[in-house]
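What follows is the content of my_file-v5.txt (compact mmCIF, C-alpha atoms).
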```
# COMPACT_ATOMS: atom_id res chain seq x y z
CA MET S 9 135.17 30.30 92.09
CA ILE S 10 138.63 29.41 90.84
CA ASP S 11 138.86 27.36 87.65
CA VAL S 12 139.77 23.80 88.68
CA ARG S 13 141.86 23.52 85.51
CA LEU S 14 144.10 26.31 86.80
CA ILE S 15 144.61 24.41 90.05
CA ARG S 16 145.38 21.23 88.11
CA GLN S 17 147.85 22.93 85.75
CA ASP S 18 149.86 24.95 88.29
CA PRO S 19 148.87 24.22 91.90
CA ASP S 20 152.03 25.83 93.31
CA ALA S 21 151.29 29.15 91.60
CA VAL S 22 147.72 29.04 92.94
CA ARG S 23 148.99 28.32 96.45
CA GLN S 24 151.46 31.19 96.19
CA ARG S 25 148.81 33.71 95.18
CA LEU S 26 146.45 32.50 97.89
CA ALA S 27 149.26 32.77 100.43
CA ALA S 28 149.32 36.52 99.70
CA ARG S 29 146.05 36.64 101.66
CA GLY S 30 147.84 35.36 104.76
CA LYS S 31 146.02 32.00 104.78
CA GLY S 32 148.63 29.83 103.13
CA GLY S 33 148.23 26.73 105.30
CA GLU S 34 144.44 26.71 105.24
CA THR S 35 144.09 27.26 101.50
CA SER S 36 147.02 25.00 100.62
CA ALA S 37 145.27 22.12 102.36
CA ALA S 38 142.08 22.90 100.42
CA ILE S 39 144.04 22.90 97.15
CA GLY S 40 145.46 19.49 98.07
CA ARG S 41 141.95 18.12 98.65
CA VAL S 42 140.76 19.54 95.33
CA LEU S 43 143.67 17.94 93.49
CA ALA S 44 143.02 14.53 95.06
CA LEU S 45 139.29 14.71 94.33
CA ASP S 46 139.90 15.95 90.79
CA ALA S 47 142.31 13.07 90.12
CA GLU S 48 139.69 10.60 91.40
CA ARG S 49 137.01 12.27 89.29
CA ARG S 50 139.07 11.98 86.11
CA ALA S 51 139.95 8.35 86.90
CA LEU S 52 136.27 7.53 87.42
CA ILE S 53 135.30 9.24 84.17
CA GLY S 54 138.02 7.32 82.32
CA GLU S 55 136.98 3.99 83.79
CA GLY S 56 133.32 4.72 83.13
CA ASP S 57 133.97 5.66 79.52
CA GLU S 58 135.97 2.47 78.95
CA LEU S 59 133.23 0.32 80.49
CA LYS S 60 130.52 2.02 78.44
CA ALA S 61 132.52 1.49 75.25
CA ARG S 62 133.13 -2.17 76.15
CA ARG S 63 129.45 -2.65 77.03
CA ASN S 64 128.39 -1.25 73.66
CA ALA S 65 130.86 -3.51 71.84
CA VAL S 66 129.72 -6.57 73.81
CA SER S 67 126.07 -5.74 73.13
CA GLN S 68 126.82 -5.86 69.42
CA GLN S 69 128.51 -9.24 69.87
CA VAL S 70 125.45 -10.52 71.75
CA GLY S 71 123.28 -9.58 68.78
CA GLU S 72 125.64 -11.29 66.33
CA ARG S 73 125.68 -14.53 68.36
CA ARG S 74 121.91 -14.58 68.64
CA ARG S 75 121.56 -14.13 64.90
CA ARG S 76 123.80 -17.17 64.45
CA GLY S 77 121.79 -19.10 67.03
CA GLU S 78 124.70 -19.27 69.46
CA SER S 79 124.65 -18.81 73.23
CA ALA S 80 125.56 -15.34 74.52
CA ASP S 81 125.15 -15.96 78.25
CA ASP S 82 128.79 -15.13 79.05
CA LEU S 83 128.57 -11.83 77.19
CA ILE S 84 125.24 -10.93 78.82
CA ALA S 85 126.79 -11.59 82.23
CA GLU S 86 129.69 -9.33 81.29
CA THR S 87 127.34 -6.47 80.30
CA ARG S 88 125.44 -6.85 83.57
CA THR S 89 128.67 -6.70 85.56
CA ALA S 90 129.76 -3.66 83.57
CA GLY S 91 126.36 -2.00 84.10
CA ASP S 92 126.57 -2.53 87.85
CA ARG S 93 130.03 -1.00 87.95
CA ILE S 94 128.91 1.94 85.82
CA LYS S 95 126.12 2.63 88.34
CA GLU S 96 128.69 2.56 91.16
CA ILE S 97 130.96 4.92 89.23
CA ASP S 98 128.13 7.35 88.47
CA ALA S 99 127.08 7.43 92.14
CA ARG S 100 130.64 7.99 93.33
CA LEU S 101 131.20 10.58 90.60
CA ARG S 102 128.26 12.61 91.91
CA GLU S 103 129.75 12.46 95.41
CA VAL S 104 133.20 13.52 94.20
CA GLU S 105 131.87 16.37 92.06
CA GLY S 106 129.84 17.60 95.03
CA ALA S 107 132.94 17.45 97.22
CA VAL S 108 134.99 19.38 94.63
CA GLU S 109 132.31 22.08 94.51
CA HIS S 110 132.19 22.19 98.31
CA GLU S 111 135.93 22.90 98.41
CA LEU S 112 135.97 25.36 95.51
CA LEU S 113 133.13 27.42 96.98
CA ARG S 114 135.24 28.02 100.09
CA ILE S 115 138.47 29.01 98.35
CA PRO S 116 138.82 32.80 97.85
CA ASN S 117 139.70 34.49 94.59
CA LEU S 118 143.34 34.78 93.55
CA VAL S 119 144.63 38.27 94.26
CA ASP S 120 146.23 40.13 91.38
CA PRO S 121 150.07 40.24 91.37
CA SER S 122 149.88 44.03 91.84
CA VAL S 123 148.28 43.55 95.28
CA PRO S 124 150.81 43.86 98.14
CA GLU S 125 151.18 40.99 100.58
CA GLY S 126 150.28 41.40 104.23
CA GLY S 127 147.31 42.53 106.28
CA GLU S 128 145.71 45.90 106.93
CA GLU S 129 149.05 47.37 107.93
CA ALA S 130 150.35 46.77 104.38
CA ASN S 131 147.59 48.77 102.64
CA VAL S 132 149.03 51.44 100.35
CA VAL S 133 147.78 55.03 100.03
CA VAL S 134 147.52 55.55 96.27
CA ARG S 135 146.38 59.18 96.30
CA THR S 136 144.61 61.79 98.39
CA TRP S 137 142.18 64.57 97.53
CA GLY S 138 141.37 67.71 99.49
CA GLU S 139 142.79 69.01 102.74
CA PRO S 140 141.29 68.32 106.16
CA ARG S 141 139.57 71.42 107.46
CA GLU S 142 141.19 73.53 110.16
CA PHE S 143 138.70 74.30 112.95
CA GLY S 144 138.70 77.30 115.24
CA PHE S 145 136.90 75.17 117.81
CA ALA S 146 136.95 71.56 118.94
CA PRO S 147 135.00 69.54 116.31
CA ARG S 148 132.24 67.40 117.73
CA PRO S 149 131.30 63.83 116.76
CA HIS S 150 128.32 63.27 114.47
CA TRP S 151 126.12 61.65 117.12
CA GLU S 152 126.16 64.86 119.16
CA ILE S 153 125.53 67.04 116.09
CA GLY S 154 122.80 64.79 114.68
CA THR S 155 120.96 64.46 117.98
CA GLU S 156 121.11 68.18 118.74
CA LEU S 157 119.80 69.08 115.26
CA GLY S 158 117.03 66.46 115.47
CA LEU S 159 118.41 64.54 112.47
CA MET S 160 118.70 61.10 114.03
CA ASP S 161 116.97 59.17 116.75
CA LEU S 162 119.41 56.46 117.75
CA ALA S 163 117.55 55.60 120.95
CA GLY S 164 114.25 55.33 119.08
CA GLY S 165 115.75 53.01 116.47
CA ALA S 166 117.25 50.82 119.19
CA LYS S 167 113.85 50.71 120.93
CA VAL S 168 112.21 49.47 117.74
CA ALA S 169 114.80 46.97 116.47
CA GLY S 170 117.83 46.94 118.78
CA SER S 171 121.22 48.57 118.48
CA GLY S 172 122.60 49.09 115.00
CA PHE S 173 119.25 50.07 113.51
CA PRO S 174 119.13 53.89 113.46
CA ALA S 175 116.05 56.01 112.89
CA TYR S 176 116.23 59.37 111.10
CA ARG S 177 113.80 62.22 111.57
CA GLY S 178 112.90 65.45 109.80
CA MET S 179 115.84 66.82 107.87
CA GLY S 180 117.82 63.71 108.78
CA ALA S 181 115.37 61.53 106.86
CA ARG S 182 115.32 64.07 104.06
CA LEU S 183 119.13 64.04 103.98
CA GLN S 184 119.08 60.27 103.40
CA ARG S 185 116.65 60.66 100.50
CA ALA S 186 118.60 63.59 99.07
CA LEU S 187 121.87 61.65 99.07
CA ILE S 188 120.31 58.61 97.42
CA ASN S 189 118.79 60.73 94.64
CA PHE S 190 122.00 62.70 94.18
CA PHE S 191 124.09 59.52 93.87
CA LEU S 192 121.69 57.83 91.45
CA ASP S 193 121.33 60.93 89.26
CA LEU S 194 125.09 61.36 89.04
CA HIS S 195 125.80 57.75 88.13
CA THR S 196 123.00 57.47 85.57
CA ARG S 197 123.38 60.87 83.93
CA GLU S 198 127.17 61.31 83.96
CA HIS S 199 128.66 57.83 84.36
CA GLY S 200 126.43 55.74 82.10
CA TYR S 201 124.83 53.32 84.56
CA THR S 202 121.31 51.95 84.17
CA GLU S 203 119.24 52.35 87.31
CA VAL S 204 117.65 49.20 88.73
CA GLU S 205 115.22 48.77 91.59
CA PRO S 206 116.16 45.26 92.79
CA PRO S 207 114.49 42.85 95.22
CA PHE S 208 115.68 43.26 98.80
CA LEU S 209 115.40 39.51 99.44
CA VAL S 210 117.51 36.97 97.56
CA THR S 211 117.84 33.19 97.32
CA ARG S 212 120.78 31.09 98.42
CA GLU S 213 121.62 30.54 94.75
CA SER S 214 121.97 34.31 94.36
CA MET S 215 124.15 34.57 97.47
CA GLN S 216 126.33 31.77 96.14
CA GLY S 217 126.59 33.42 92.73
CA THR S 218 128.32 36.48 94.19
CA GLY S 219 130.32 34.69 96.89
CA GLN S 220 128.32 35.57 100.02
CA TYR S 221 127.38 31.90 100.34
CA PRO S 222 128.83 29.91 101.94
CA LYS S 223 131.40 32.18 103.67
CA PHE S 224 129.24 35.19 104.60
CA VAL S 225 126.41 32.93 105.73
CA GLU S 226 128.59 30.45 107.62
CA ASP S 227 130.39 33.32 109.37
CA GLY S 228 127.03 34.38 110.79
CA ASP S 229 126.86 37.76 109.06
CA ALA S 230 123.69 37.19 106.98
CA TYR S 231 120.09 37.78 108.03
CA GLU S 232 118.28 34.64 106.95
CA LEU S 233 114.62 33.65 106.56
CA PRO S 234 115.15 29.86 106.62
CA GLU S 235 111.49 28.97 106.24
CA ASP S 236 111.45 30.81 102.89
CA GLY S 237 114.99 30.01 101.78
CA LEU S 238 115.72 33.74 101.48
CA TYR S 239 118.24 36.26 102.81
CA LEU S 240 118.01 40.00 103.37
CA VAL S 241 120.42 41.63 100.92
CA PRO S 242 123.84 42.40 102.45
CA THR S 243 124.41 44.67 99.42
CA SER S 244 122.54 45.23 96.15
CA GLU S 245 125.60 43.79 94.38
CA VAL S 246 123.91 40.42 94.99
CA PRO S 247 120.68 41.02 93.05
CA LEU S 248 122.41 43.17 90.40
CA VAL S 249 124.96 40.51 89.45
CA ASN S 250 122.36 37.75 89.54
CA LEU S 251 120.09 39.58 87.11
CA LEU S 252 122.33 38.05 84.43
CA ARG S 253 122.88 34.67 86.08
CA ASP S 254 122.90 31.70 83.67
CA GLU S 255 122.93 33.98 80.63
CA LEU S 256 125.04 33.90 77.48
CA LEU S 257 125.48 37.53 76.50
CA ASP S 258 126.02 38.93 73.07
CA ALA S 259 129.32 40.83 72.98
CA GLY S 260 127.37 43.94 72.01
CA ARG S 261 125.85 44.03 75.50
CA LEU S 262 129.25 44.63 77.09
CA PRO S 263 129.95 46.64 79.04
CA THR S 264 126.72 46.47 81.03
CA ARG S 265 126.51 48.91 83.95
CA PHE S 266 123.90 48.80 86.71
CA THR S 267 123.34 51.05 89.70
CA ALA S 268 120.81 50.59 92.46
CA TYR S 269 119.80 51.84 95.86
CA SER S 270 118.98 49.33 98.55
CA PRO S 271 119.02 49.00 102.30
CA CYS S 272 121.76 46.59 103.37
CA PHE S 273 121.51 44.14 106.27
CA ARG S 274 124.54 42.67 108.04
CA ARG S 275 124.79 41.01 111.43
CA GLU S 276 128.48 42.02 111.75
CA ALA S 277 128.88 38.94 113.92
CA GLY S 278 132.66 39.17 113.86
CA ALA S 279 132.71 42.82 114.92
CA ALA S 280 130.64 42.71 118.10
CA GLY S 281 131.46 45.55 120.47
CA LYS S 282 133.42 47.58 117.90
CA ASP S 283 132.56 51.16 116.89
CA THR S 284 129.16 51.13 118.54
CA ARG S 285 128.74 54.91 118.81
CA GLY S 286 126.48 56.73 116.37
CA LEU S 287 126.53 55.55 112.75
CA LEU S 288 130.00 54.01 112.71
CA ARG S 289 128.88 50.36 112.47
CA LEU S 290 125.29 49.36 111.73
CA HIS S 291 123.19 46.28 111.04
CA GLN S 292 120.99 48.18 108.58
CA PHE S 293 122.20 50.98 106.33
CA ASP S 294 121.49 52.54 102.94
CA LYS S 295 123.85 52.29 99.99
CA VAL S 296 123.95 53.03 96.28
CA GLU S 297 125.85 50.30 94.46
CA LEU S 298 127.64 50.17 91.12
CA VAL S 299 128.04 46.89 89.20
CA ARG S 300 129.72 46.31 85.85
CA PHE S 301 130.01 43.36 83.46
CA GLU S 302 133.09 43.68 81.25
CA ARG S 303 135.22 41.85 78.70
CA PRO S 304 138.21 40.35 80.55
CA GLU S 305 140.71 42.50 78.65
CA ARG S 306 138.94 45.69 79.83
CA SER S 307 138.26 44.86 83.45
CA TRP S 308 141.38 46.48 84.94
CA GLU S 309 140.73 49.71 83.07
CA ALA S 310 137.11 49.49 84.21
CA LEU S 311 138.23 49.18 87.85
CA GLU S 312 140.06 52.49 87.59
CA GLU S 313 137.03 54.12 85.94
CA MET S 314 134.64 52.80 88.57
CA THR S 315 136.88 53.98 91.39
CA GLY S 316 136.89 57.41 89.74
CA HIS S 317 133.09 57.41 89.64
CA ALA S 318 132.94 56.89 93.40
CA GLU S 319 135.62 59.54 93.90
CA ARG S 320 133.59 62.02 91.86
CA VAL S 321 130.80 61.86 94.44
CA LEU S 322 133.19 62.80 97.25
CA GLN S 323 134.73 65.59 95.18
CA LEU S 324 131.32 67.13 94.48
CA LEU S 325 130.53 66.94 98.19
CA GLY S 326 133.88 68.58 98.99
CA LEU S 327 134.93 65.84 101.40
CA PRO S 328 138.66 65.14 101.85
CA TYR S 329 139.44 61.50 101.09
CA ARG S 330 142.20 59.05 100.31
CA VAL S 331 142.35 55.98 98.06
CA LEU S 332 143.90 52.81 99.47
CA LEU S 333 145.08 49.76 97.56
CA LEU S 334 144.24 46.92 99.90
CA ALA S 335 146.85 44.30 100.71
CA GLY S 336 146.08 40.64 100.12
CA GLY S 337 145.11 39.91 103.71
CA ASP S 338 142.62 42.80 103.72
CA THR S 339 141.08 42.03 100.31
CA GLY S 340 137.56 40.61 100.28
CA PHE S 341 136.86 36.93 99.64
CA GLY S 342 135.76 37.30 96.00
CA SER S 343 137.97 40.20 94.95
CA ALA S 344 141.21 40.06 92.96
CA LYS S 345 142.00 43.71 93.67
CA THR S 346 140.25 46.36 95.76
CA TYR S 347 140.55 50.09 96.27
CA ASP S 348 139.01 51.54 99.42
CA LEU S 349 137.90 55.17 99.55
CA GLU S 350 138.26 56.61 103.03
CA VAL S 351 136.84 59.99 103.97
CA TRP S 352 138.19 62.16 106.78
CA ALA S 353 135.89 62.54 109.79
CA PRO S 354 137.30 65.20 112.18
CA GLY S 355 134.77 64.61 114.97
CA VAL S 356 135.89 61.04 115.51
CA ASP S 357 139.41 61.86 114.27
CA ARG S 358 139.52 58.95 111.82
CA TRP S 359 139.52 57.96 108.18
CA LEU S 360 136.28 56.09 107.44
CA GLU S 361 135.61 53.77 104.52
CA VAL S 362 132.73 54.96 102.33
CA SER S 363 133.39 52.82 99.25
CA SER S 364 135.19 49.71 98.11
CA ALA S 365 135.79 49.24 94.38
CA SER S 366 136.70 45.69 93.38
CA ASN S 367 137.51 43.66 90.31
CA MET S 368 136.17 40.14 90.86
CA THR S 369 137.62 38.94 87.52
CA ASP S 370 135.73 35.76 86.48
CA PHE S 371 135.25 34.58 90.09
CA GLN S 372 131.57 35.53 90.33
CA ALA S 373 130.80 34.88 86.67
CA ARG S 374 132.02 31.29 87.01
CA ARG S 375 129.82 30.75 90.09
CA ALA S 376 126.80 32.44 88.48
CA SER S 377 127.47 31.12 84.94
CA ILE S 378 127.54 34.50 83.20
CA ARG S 379 129.27 34.18 79.84
CA TYR S 380 129.55 36.05 76.59
CA ARG S 381 130.47 35.15 73.03
CA PRO S 382 133.41 37.38 71.95
CA GLU S 383 132.30 37.15 68.31
CA PRO S 384 129.79 35.11 66.28
CA GLY S 385 130.70 31.43 66.37
CA ALA S 386 133.40 31.90 69.02
CA ARG S 387 133.59 29.75 72.13
CA PRO S 388 131.78 31.37 75.10
CA GLU S 389 133.95 32.92 77.80
CA PHE S 390 133.19 34.14 81.31
CA VAL S 391 132.73 37.89 81.74
CA HIS S 392 134.50 39.84 84.46
CA THR S 393 132.32 41.46 87.12
CA LEU S 394 133.18 44.56 89.14
CA ASN S 395 131.41 46.40 91.94
CA ALA S 396 131.79 49.56 93.99
CA SER S 397 129.84 51.53 96.56
CA GLY S 398 128.71 54.74 95.05
CA LEU S 399 128.43 55.54 98.05
CA ALA S 400 127.46 53.98 101.41
CA LEU S 401 125.37 56.53 103.28
CA PRO S 402 126.13 56.23 107.03
CA ARG S 403 129.77 57.25 106.91
CA THR S 404 129.06 59.79 104.17
CA VAL S 405 126.57 61.37 106.56
CA ILE S 406 129.18 61.23 109.33
CA ALA S 407 131.67 63.09 107.13
CA LEU S 408 129.09 65.65 105.99
CA LEU S 409 128.04 66.49 109.55
CA GLU S 410 131.53 66.51 111.04
CA ASN S 411 133.25 68.40 108.19
CA GLY S 412 130.37 70.85 107.72
CA GLN S 413 129.78 71.67 111.38
CA GLN S 414 129.86 75.33 112.41
CA GLU S 415 130.65 76.86 115.77
CA ASP S 416 127.00 77.91 116.25
CA GLY S 417 125.92 74.24 116.01
CA SER S 418 124.60 74.37 112.44
CA VAL S 419 125.96 72.33 109.52
CA SER S 420 126.85 73.79 106.11
CA VAL S 421 125.44 71.75 103.20
CA PRO S 422 127.68 71.21 100.13
CA GLU S 423 126.53 73.16 97.10
CA ALA S 424 125.95 70.04 94.97
CA LEU S 425 123.51 68.68 97.54
CA ARG S 426 121.50 71.86 98.12
CA PRO S 427 119.01 71.40 95.23
CA TYR S 428 118.17 67.93 96.59
CA LEU S 429 117.90 68.99 100.23
CA GLY S 430 116.30 72.40 99.63
CA THR S 431 118.59 74.27 102.02
CA ASP S 432 122.18 75.36 102.41
CA ARG S 433 122.32 74.76 106.15
CA LEU S 434 121.07 72.28 108.73
CA VAL S 435 119.92 74.01 111.89
CA ARG S 436 118.07 73.21 115.07
CA PRO S 437 114.35 72.63 114.34
```

Go through the file and emit its structure as structure tokens.
Amino acid sequence: MIDVRLIRQDPDAVRQRLAARGKGGETSAAIGRVLALDAERRALIGEGDELKARRNAVSQQVGERRRRGESADDLIAETRTAGDRIKEIDARLREVEGAVEHELLRIPNLVDPSVPEGGEEANVVVRTWGEPREFGFAPRPHWEIGTELGLMDLAGGAKVAGSGFPAYRGMGARLQRALINFFLDLHTREHGYTEVEPPFLVTRESMQGTGQYPKFVEDGDAYELPEDGLYLVPTSEVPLVNLLRDELLDAGRLPTRFTAYSPCFRREAGAAGKDTRGLLRLHQFDKVELVRFERPERSWEALEEMTGHAERVLQLLGLPYRVLLLAGGDTGFGSAKTYDLEVWAPGVDRWLEVSSASNMTDFQARRASIRYRPEPGARPEFVHTLNASGLALPRTVIALLENGQQEDGSVSVPEALRPYLGTDRLVRP
């Protein structure tokens, strides 16, 4: 969440940076409520401190009078009145602090000044890699290729769990496993990440720590088990970040880099009816995630490194892609700056997002209370957290099938993936 002191010190600057997201009126009103509540909170604290100091002083006077054998009834009445008011202040203070937290939890992160204003139309192509393949035939979409080669059973998955829950068979299932192992090996062996096998269920506290609660939950995008107080993970970013929740880290532990595979579960409530063919938009999908904990002064350099790690996967797979700097209105709730990696899919004739790399600055660390001590004896500071997909599997599979398709119906497998898959070509079973 945003530091309330920053709002107090320069509310207009905060409003201006939030307006870059295209929600100026909504967030400006929230900032106004925070300022009013914060002013009341500070006034209550000041009044309470004065009353407590006066009560202590009067209590000493009561003792002095009693030692002299004098009546202290008026002073005792004063301490009782002060005590009653202190109880009222403490009760109201709890209400105000709860209201401040309620507001702060719903205010998005401040986007970095380097992020362009506007919505999706204002996203900037930073660079491209590779050239889209020229076909001597009309390229087919992945759902036709995958079904014909027996790789996926979309109808079977829908029969079992409903639409958006694909089933993979034979070499399709093996392709999923091969990609996961390839991604994890690359990130652990070449990029310095520690592999984690996280829980696939998380608490509300964990969802709040990374920013999925309350927004993601209130928007209806989370799969919830209310009787257990748990949620299916929307991304393994949630458990990975929360592994260090409420910890004070020694500076020697930074940077800390985690990577993990997990299935991801999202209702996609706001995207009903969009991209329903094949693997374009799913409720359950596999993803390998990258998470980093960094010193604040290194986080922007780390964002570039992490983006490069995701790009390396696409380069080894030989898939043409482009890197977008997202505009403020297209930047995620908790992110200060995000790069999207989009891969070219000729069968559907579209660029498809396969990774988002984001610097969350101290937004998550403040919510999850993850701090570090820069040096012995120094005052603790919040770390910066970053995350990236390294990569998401469904659209990677789409790109592999559609870019690797051959006129005879087979699919050529990239050389880097062949040792994991055990073949250089996917063919009809």

Find the residues around Ala146 of chain S up to 9 Å (all atoms listed in the file counted), leave out those fewer than 3 positions away in its own chain, and share them as a PyMOL selection string. chain S and resi 143+355+415

I want to know what sits within 8 Å of segment 332-348 of chain S, based on only C-alpha atoms, with residues of the same chain fewer than 4 positions away left out; could you give that as JSON, numbers by chain? {"S": [28, 29, 30, 116, 117, 118, 119, 120, 123, 124, 125, 126, 127, 128, 130, 131, 132, 133, 134, 135, 218, 219, 315, 361, 362, 363, 364, 365, 366, 367, 368, 369, 371, 372]}

Might I get the box with edges along x, y and z of the file that holds all atoms of segment 210-224 of chain S listed there, padded by 8 Å on every side, given as centre and edge lengths in Å to one decimal, as AutoDock Vina command-line options?
```
--center_x 124.5 --center_y 33.4 --center_z 98.7 --size_x 29.9 --size_y 23.1 --size_z 27.9
```

Please report, as a Markdown table, each residue of segment 297-398 of chain S lying at most 12 Å from segment 209-213 of chain S, together with the nearest pair of atoms and the separation in Å rounded to one decimal; use all atoms listed in the file, and order rows by chain and ascending residue number.
```
| residue | atom | partner | partner_atom | distance |
| --- | --- | --- | --- | --- |
| S:Gln372 | CA | S:Glu213 | CA | 12.0 |
| S:Arg375 | CA | S:Glu213 | CA | 9.4 |
| S:Ala376 | CA | S:Glu213 | CA | 8.4 |
| S:Ser377 | CA | S:Glu213 | CA | 11.4 |
```

Keeping C-alpha atoms for every residue in the selection just given, could you write it to a file as a tab-separated table (two decimals), in the coordinates of the input?
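out21.tsv, written as the output of this step:
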```tsv
chain	number	residue	atom	x	y	z
S	372	GLN	CA	131.57	35.53	90.33
S	375	ARG	CA	129.82	30.75	90.09
S	376	ALA	CA	126.80	32.44	88.48
S	377	SER	CA	127.47	31.12	84.94
```

So that I can see what lies close to Arg182 of chain S, please list as a ChimeraX atom specification the residues with an atom at most 10 Å from it, counting all atoms listed in the file and leaving out residues fewer than 4 positions away in the same chain. /S:159,176-178,186-188,428-430

Could you check which of S:Thr155, S:Val66, S:Ala181, S:Val204 is closest to Asp82 of chain S, using all atoms listed in the file? S:Val66

With distances taken over all atoms listed in the file, which residue among S:Pro422, S:Pro263, S:Gly412, S:Pro304 lies nearest Gly200 of chain S? S:Pro263

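Interatomic distance, atom CA of Ile15 of chain S to atom CA of Arg41 of chain S: 11.0 Å.
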
Given only C-alpha atoms as the basis, pick out the residue of S:Arg197, S:Arg300, S:Arg100, S:Arg114 nearest to Glu34 of chain S.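 Selected residue with least distance to Glu34 of chain S: S:Arg114.
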
Measuring atom to atom with only C-alpha atoms, identify which of S:Arg63, S:Arg185, S:Arg320, S:Arg285 is nearest to Ser270 of chain S.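 Closest to Ser270 of chain S, using only C-alpha atoms: S:Arg185.
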
Neighbourhood query: residues within 12 Å of (134.0, 6.7, 84.9), file coordinates, counting all atoms listed in the file; return as a ChimeraX atom specification. /S:47-61,90-91,93-102,104

Looking at only C-alpha atoms, which of S:Ile115, S:Ala373, S:Ala169, S:Ala21 is the one that sits closest to Arg253 of chain S?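 Selected residue with least distance to Arg253 of chain S: S:Ala373.
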
I'd like the neighbourhood of Pro242 of chain S as a ChimeraX atom specification, where a residue qualifies if any of its atoms comes within 10 Å (using only C-alpha atoms), though same-chain residues fewer than 6 positions away should be ignored. /S:208-210,215,220,224,229-231,270-275,291-293

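For the pair atom CA of Glu109 of chain S and atom CA of Glu302 of chain S, the interatomic distance is 25.4 Å.
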
Interatomic distance, atom CA of Leu262 of chain S to atom CA of Phe301 of chain S (Å, one decimal):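 Atom CA of Phe301 of chain S lies 6.5 Å from atom CA of Leu262 of chain S.
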
Counting all atoms listed in the file, give me one row per residue of segment 213-284 of chain S with an atom at most 10 Å from an atom of segment 395-404 of chain S, showing the shortest contact pair and its distance in Å to one decimal, sorted by chain then residue number, as JSON lines.
```
{"residue": "S:Thr243", "atom": "CA", "partner": "S:Ser397", "partner_atom": "CA", "distance": 9.2}
{"residue": "S:Ser244", "atom": "CA", "partner": "S:Ser397", "partner_atom": "CA", "distance": 9.7}
{"residue": "S:Glu245", "atom": "CA", "partner": "S:Asn395", "partner_atom": "CA", "distance": 6.8}
{"residue": "S:Leu248", "atom": "CA", "partner": "S:Asn395", "partner_atom": "CA", "distance": 9.7}
{"residue": "S:Val249", "atom": "CA", "partner": "S:Asn395", "partner_atom": "CA", "distance": 9.1}
{"residue": "S:Arg265", "atom": "CA", "partner": "S:Asn395", "partner_atom": "CA", "distance": 9.7}
{"residue": "S:Phe266", "atom": "CA", "partner": "S:Asn395", "partner_atom": "CA", "distance": 9.5}
{"residue": "S:Thr267", "atom": "CA", "partner": "S:Gly398", "partner_atom": "CA", "distance": 8.4}
{"residue": "S:Ala268", "atom": "CA", "partner": "S:Gly398", "partner_atom": "CA", "distance": 9.3}
{"residue": "S:Tyr269", "atom": "CA", "partner": "S:Gly398", "partner_atom": "CA", "distance": 9.4}
{"residue": "S:Pro271", "atom": "CA", "partner": "S:Ala400", "partner_atom": "CA", "distance": 9.8}
{"residue": "S:Cys272", "atom": "CA", "partner": "S:Ala400", "partner_atom": "CA", "distance": 9.5}
```

Return the single residue from S:Gly106, S:Pro382, S:Gly33, S:Gly164 that is closest to Gly260 of chain S, with distances computed using all atoms listed in the file. S:Pro382

Tell me, as a ChimeraX atom specification, which residues lie within 9 Å of Thr284 of chain S, counting only C-alpha atoms; anything in the same chain fewer than 4 positions away does not count. /S:171-172,280,288-290
